[in-house]
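One structure below.
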Amino acid sequence: EDKVVQSPLSLVVHEGDTVTLNCSYEVTNFRSLLWYKQEKKAPTFLFMLTSSGIEKKSGRLSSILDKKELFSILNITATQTGDSAVYLCATGTYKYIFGTGTRLKVLA
Amino acid sequence: EAQVTQNPRYLITVTGKKLTVTCSQNMNHEYMSWYRQDPGLGLRQIYYSMNVEVTDKGDVPEGYKVSRKEKRNFPLILESPSPNQTSLYFCASSLVEGATYEQYFGPGTRLTVT
């Protein structure tokens with residue numbers, strides 16, 4: 001059975017801290033791993049990863065995929081209160097499996 | 001503006017009363033999908049569609065129907081809603097092939113079945 005597991009479930013940090021969010025997966029016919037940010041509304045796209053070892057970067061956020069060990073990490077450096085959200089990872093081939101998310105709270 | 005729209009945004013209904021949640025996208029995407037989101041369970045896929053007249057089950061299809069008669073629309077039908085279908089529903093769309101398979105999500109429909 002395909003599954004995606006995210007850790008930690010929740011995280012509270014202070015502004016300026018660096019955080020690492022984890023996503024491990026077991027799926028057949030892997031095509032891509034996607035990260036989304038969800039505030040009090042619909043998920044918004046962050047990254048799509050298809051190849052191992054190639055870091056994707058957007059501002060203070062970065063992500064990397066390890067297809068051998070079947071996991072991905074999302075790093076956020078110099079966190080801000082606006083980073084407070086649920087971070088979701090997902091994988092699959094048209095039939096998508098999402099993790100339950102990591103709830104990040106950044107305190108001022 | 002590229003977007004996915006859903007209607008209604010909020011709905012309270014009673015058990016057994018058929019309802020339809022509409023979803024429309026203006027990005028000419030082939031792929032569309034429906035999800036439900038429940039506390040502690042995350043996003044779970046209900047149905048998806050690769051193109052017009054092509055639909056397939058996701059992880060939790062029981063109690064739902066879909067149709068894809070036009071490329072832009074992908075309605076979700078609950079023939080006989082039950083309280084366990086109370087949830088937040090999202091529609092999403094994406095390209096089937098291309099540089100990215102990111103899904104664009106609609107704003108969500110909060111459904112309560114009493």
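Residues in the structure tokens are named by chain (A, B, ... in the order shown) and by number from 1 within that chain; ligands are numbered from 1 in the order shown.
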_Set the cut-off to 10 Å and count only C-alpha atoms: what are the residues of chain B that reach chain A? Output as a count of residues only._
38
*Could you check how far CA of Glu53 (chain B) sits from CA of Arg72 (chain B), in Å to one decimal?*
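We find that CA of Glu53 (chain B) and CA of Arg72 (chain B) lie 12.0 Å from each other.
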Considering only C-alpha atoms, return as a PDB file with N, CA, C and O atoms, in the first residue's frame whatever protein or nucleic-acid residues lie within 7 Å of His14 (chain A), sequence-local ones (same chain, fewer than 2 positions apart) excluded.
ATOM      1  N   GLY A  16      13.707  33.423  13.085  1.00  0.00           N
ATOM      2  CA  GLY A  16      15.145  33.358  12.883  1.00  0.00           C
ATOM      3  C   GLY A  16      15.708  31.953  12.939  1.00  0.00           C
ATOM      4  O   GLY A  16      16.814  31.703  12.438  1.00  0.00           O
ATOM      5  N   ASP A  17      14.944  31.030  13.526  1.00  0.00           N
ATOM      6  CA  ASP A  17      15.403  29.637  13.585  1.00  0.00           C
ATOM      7  C   ASP A  17      15.376  29.012  12.192  1.00  0.00           C
ATOM      8  O   ASP A  17      14.667  29.470  11.292  1.00  0.00           O
ATOM      9  N   VAL A 106       5.629  29.643  14.006  1.00  0.00           N
ATOM     10  CA  VAL A 106       6.806  30.483  14.223  1.00  0.00           C
ATOM     11  C   VAL A 106       6.397  31.631  15.135  1.00  0.00           C
ATOM     12  O   VAL A 106       5.522  32.431  14.789  1.00  0.00           O
ATOM     13  N   LEU A 107       7.045  31.705  16.286  1.00  0.00           N
ATOM     14  CA  LEU A 107       6.731  32.742  17.268  1.00  0.00           C
ATOM     15  C   LEU A 107       7.615  33.971  17.059  1.00  0.00           C
ATOM     16  O   LEU A 107       8.802  33.844  16.756  1.00  0.00           O
ATOM     17  N   ALA A 108       7.013  35.141  17.253  1.00  0.00           N
ATOM     18  CA  ALA A 108       7.760  36.393  17.081  1.00  0.00           C
ATOM     19  C   ALA A 108       8.753  36.603  18.209  1.00  0.00           C
ATOM     20  O   ALA A 108       8.544  36.091  19.327  1.00  0.00           O
TER      21      ALA A 108
END
*asked:* Here is a test: counting only C-alpha atoms, which residue of A:Cys89, A:Val27, A:Leu65, A:Ile76 is nearest to Ser7 (chain A)?
replied: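 Counting only C-alpha atoms, the residue closest to Ser7 (chain A) is A:Cys89.
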*Using only C-alpha atoms, determine which residues lie at most 9 Å from Gly16 (chain B), disregarding the query and same-chain residues fewer than 4 positions distant; provide the list as an MDAnalysis selection string.*
chainID B and resid 78:82 113
